[in-house]
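Q: TSV, C-alpha atoms, file upload_17.tsv:
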```
chain	number	residue	atom	x	y	z
A	1	MET	CA	8.38	93.91	41.12
A	2	SER	CA	10.86	91.44	39.70
A	3	ALA	CA	10.24	89.32	36.62
A	4	LEU	CA	10.19	86.18	38.78
A	5	SER	CA	7.54	87.56	41.11
A	6	LEU	CA	5.46	88.68	38.11
A	7	LEU	CA	5.73	85.18	36.69
A	8	ALA	CA	4.70	83.64	40.00
A	9	GLN	CA	1.74	86.03	40.20
A	10	HIS	CA	0.72	85.12	36.64
A	11	ARG	CA	0.91	81.40	37.36
A	12	ALA	CA	-1.24	81.83	40.46
A	13	ASP	CA	-3.91	83.81	38.59
A	14	PRO	CA	-3.27	83.99	34.82
A	15	CYS	CA	-6.20	86.36	34.17
A	16	ARG	CA	-5.11	88.94	36.72
A	17	PRO	CA	-3.87	92.14	35.08
A	18	LEU	CA	-0.17	92.82	35.57
A	19	SER	CA	1.69	96.10	35.31
A	20	LEU	CA	4.07	95.49	32.44
A	21	ASP	CA	5.37	97.88	29.83
A	22	ARG	CA	3.68	97.36	26.46
A	23	ALA	CA	6.87	98.36	24.63
A	24	GLY	CA	4.85	99.83	21.78
A	25	ARG	CA	3.42	96.49	20.60
A	26	SER	CA	0.24	96.41	18.57
A	27	TYR	CA	-1.14	93.44	20.50
A	28	LEU	CA	-2.01	92.82	24.16
A	29	ARG	CA	-0.53	89.71	25.73
A	30	PRO	CA	-2.47	87.87	28.46
A	31	ASP	CA	0.11	88.93	31.07
A	32	GLU	CA	-0.28	92.64	30.31
A	33	ALA	CA	-2.53	95.02	32.19
A	34	PHE	CA	-6.16	95.20	31.09
A	35	PRO	CA	-8.57	98.00	32.05
A	36	ALA	CA	-10.74	97.11	35.03
A	37	GLU	CA	-13.61	99.29	33.81
A	38	LEU	CA	-14.17	99.32	30.06
A	39	GLY	CA	-17.01	101.83	30.40
A	40	ALA	CA	-14.49	104.47	31.48
A	41	LEU	CA	-12.63	104.27	28.15
A	42	SER	CA	-13.34	106.62	25.28
A	43	MET	CA	-14.65	105.05	22.09
A	44	THR	CA	-11.24	105.53	20.46
A	45	GLU	CA	-9.45	103.85	23.39
A	46	LEU	CA	-11.94	100.98	23.28
A	47	GLN	CA	-11.44	100.53	19.53
A	48	VAL	CA	-7.65	100.51	19.95
A	49	LEU	CA	-7.99	97.92	22.72
A	50	HIS	CA	-10.22	95.83	20.44
A	51	SER	CA	-7.64	96.02	17.66
A	52	ARG	CA	-4.84	94.95	20.00
A	53	MET	CA	-6.94	92.05	21.32
A	54	CYS	CA	-7.76	90.85	17.79
A	55	ARG	CA	-4.08	90.96	16.82
A	56	GLN	CA	-3.19	88.96	19.94
A	57	LEU	CA	-5.87	86.40	19.17
A	58	ASP	CA	-4.57	86.03	15.60
A	59	GLN	CA	-1.02	85.58	16.87
A	60	GLU	CA	-2.08	82.93	19.39
A	61	TYR	CA	-4.02	80.96	16.78
A	62	LEU	CA	-0.95	80.99	14.54
A	63	THR	CA	1.68	80.18	17.18
A	64	GLN	CA	0.03	78.17	19.97
A	65	PRO	CA	-0.82	74.54	19.16
A	66	GLN	CA	-3.33	74.43	22.04
A	67	GLY	CA	-5.16	77.50	20.73
A	68	PRO	CA	-5.63	80.98	22.17
A	69	HIS	CA	-5.07	81.76	25.83
A	70	PRO	CA	-8.34	81.78	27.83
A	71	CYS	CA	-7.61	85.30	29.09
A	72	THR	CA	-7.35	86.56	25.53
A	73	THR	CA	-10.71	85.13	24.55
A	74	ASP	CA	-12.37	86.31	27.78
A	75	ARG	CA	-10.98	89.80	27.44
A	76	LEU	CA	-12.03	90.03	23.82
A	77	GLN	CA	-15.58	89.00	24.77
A	78	ASP	CA	-15.60	91.76	27.41
A	79	VAL	CA	-14.48	94.34	24.84
A	80	LEU	CA	-17.04	93.11	22.30
A	81	GLY	CA	-19.77	93.30	24.94
A	82	GLU	CA	-18.86	96.91	25.70
A	83	LEU	CA	-18.79	97.81	21.99
A	84	ASP	CA	-22.20	96.16	21.49
A	85	ALA	CA	-23.64	98.01	24.49
A	86	ARG	CA	-22.45	101.32	23.08
A	87	ASP	CA	-23.91	100.50	19.67
A	88	ARG	CA	-27.31	99.81	21.27
A	89	ALA	CA	-27.24	103.06	23.29
```
Represent the structure from my file as structure tokens, please.
A:
Amino acid sequence: MSALSLLAQHRADPCRPLSLDRAGRSYLRPDEAFPAELGALSMTELQVLHSRMCRQLDQEYLTQPQGPHPCTTDRLQDVLGELDARDRA
């Protein structure tokens, strides 16, 4: 898939996960793939995902005048919900 078609797909549905290479970054951009089923992740994988989401949120607060991307906040809430559910279990 070309970069232009990925961009068009993102504009059509900005919360839809895309298959992009993470390039070893410690954060997860809104246009990067996000697990469809958080319950399938190990606790370590979930904690790493949480860390990457928090770093992305921090970066967006610091660099985006309009605030964080809605996908970032929604995804972080999903991860927090899964972490809370595991803590209650």
Q: Expressed in Å to a single decimal, how great is the separation between CA of Gly81 in chain A and CA of Leu38 in chain A?
A: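 Distance between the two atoms: 9.7 Å.
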Q: Point out the residue among A:His69, A:Arg55, A:His50, A:Arg88 with the least atom-to-atom distance to Pro30 in chain A, counting only C-alpha atoms.
A: A:His69
Q: Can you pull out every residue within 10 Å of Arg52 in chain A, counting all atoms listed in the file, but drop anything in the same chain fewer than 2 positions away, and send it as JSON, numbers by chain?
A: {"A": [25, 26, 27, 28, 29, 46, 47, 48, 49, 50, 54, 55, 56, 57, 58, 76]}
Q: Just C-alpha atoms for this one: save the residues we selected as a short mmCIF file (atom, residue, chain, number, x, y, z; two decimals), keeping the file's coordinate frame.
A:
```cif
data_model
loop_
_atom_site.label_atom_id
_atom_site.label_comp_id
_atom_site.auth_asym_id
_atom_site.auth_seq_id
_atom_site.Cartn_x
_atom_site.Cartn_y
_atom_site.Cartn_z
CA ARG A 25 3.42 96.49 20.60
CA SER A 26 0.24 96.41 18.57
CA TYR A 27 -1.14 93.44 20.50
CA LEU A 28 -2.01 92.82 24.16
CA ARG A 29 -0.53 89.71 25.73
CA LEU A 46 -11.94 100.98 23.28
CA GLN A 47 -11.44 100.53 19.53
CA VAL A 48 -7.65 100.51 19.95
CA LEU A 49 -7.99 97.92 22.72
CA HIS A 50 -10.22 95.83 20.44
CA CYS A 54 -7.76 90.85 17.79
CA ARG A 55 -4.08 90.96 16.82
CA GLN A 56 -3.19 88.96 19.94
CA LEU A 57 -5.87 86.40 19.17
CA ASP A 58 -4.57 86.03 15.60
CA LEU A 76 -12.03 90.03 23.82
#
```
Q: Could you list, as a VMD selection string, every residue within 10 Å of Gln77 in chain A, counting only C-alpha atoms and ignoring same-chain residues fewer than 5 positions away?
A: chain A and resid 50 53 71 to 72 82 to 83
Q: Of the candidates A:Gly39, A:Thr44, A:Thr73, A:Pro68, which one gets nearest to Arg86 in chain A if we count only C-alpha atoms?
A: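 When distances to Arg86 in chain A are compared using only C-alpha atoms, the smallest one comes from A:Gly39.
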Q: Rounded to one decimal in Å, what is the spacing between CA of Ala85 in chain A and CA of Asp31 in chain A?
A: 26.3 Å
Q: Have a look at CA of Gly67 in chain A and CA of Met43 in chain A and let me know their distance in Å, one decimal.
A: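 Interatomic distance, CA of Gly67 in chain A to CA of Met43 in chain A: 29.2 Å.
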Q: Draw an axis-aligned box over all listed atoms of range 63-79 of chain A, pad each side with 4 Å, and write its centre and edge lengths in Å, one decimal, as JSON.
A:
```
{"center_x": -7.0, "center_y": 84.4, "center_z": 23.1, "size_x": 25.3, "size_y": 27.9, "size_z": 19.9}
```
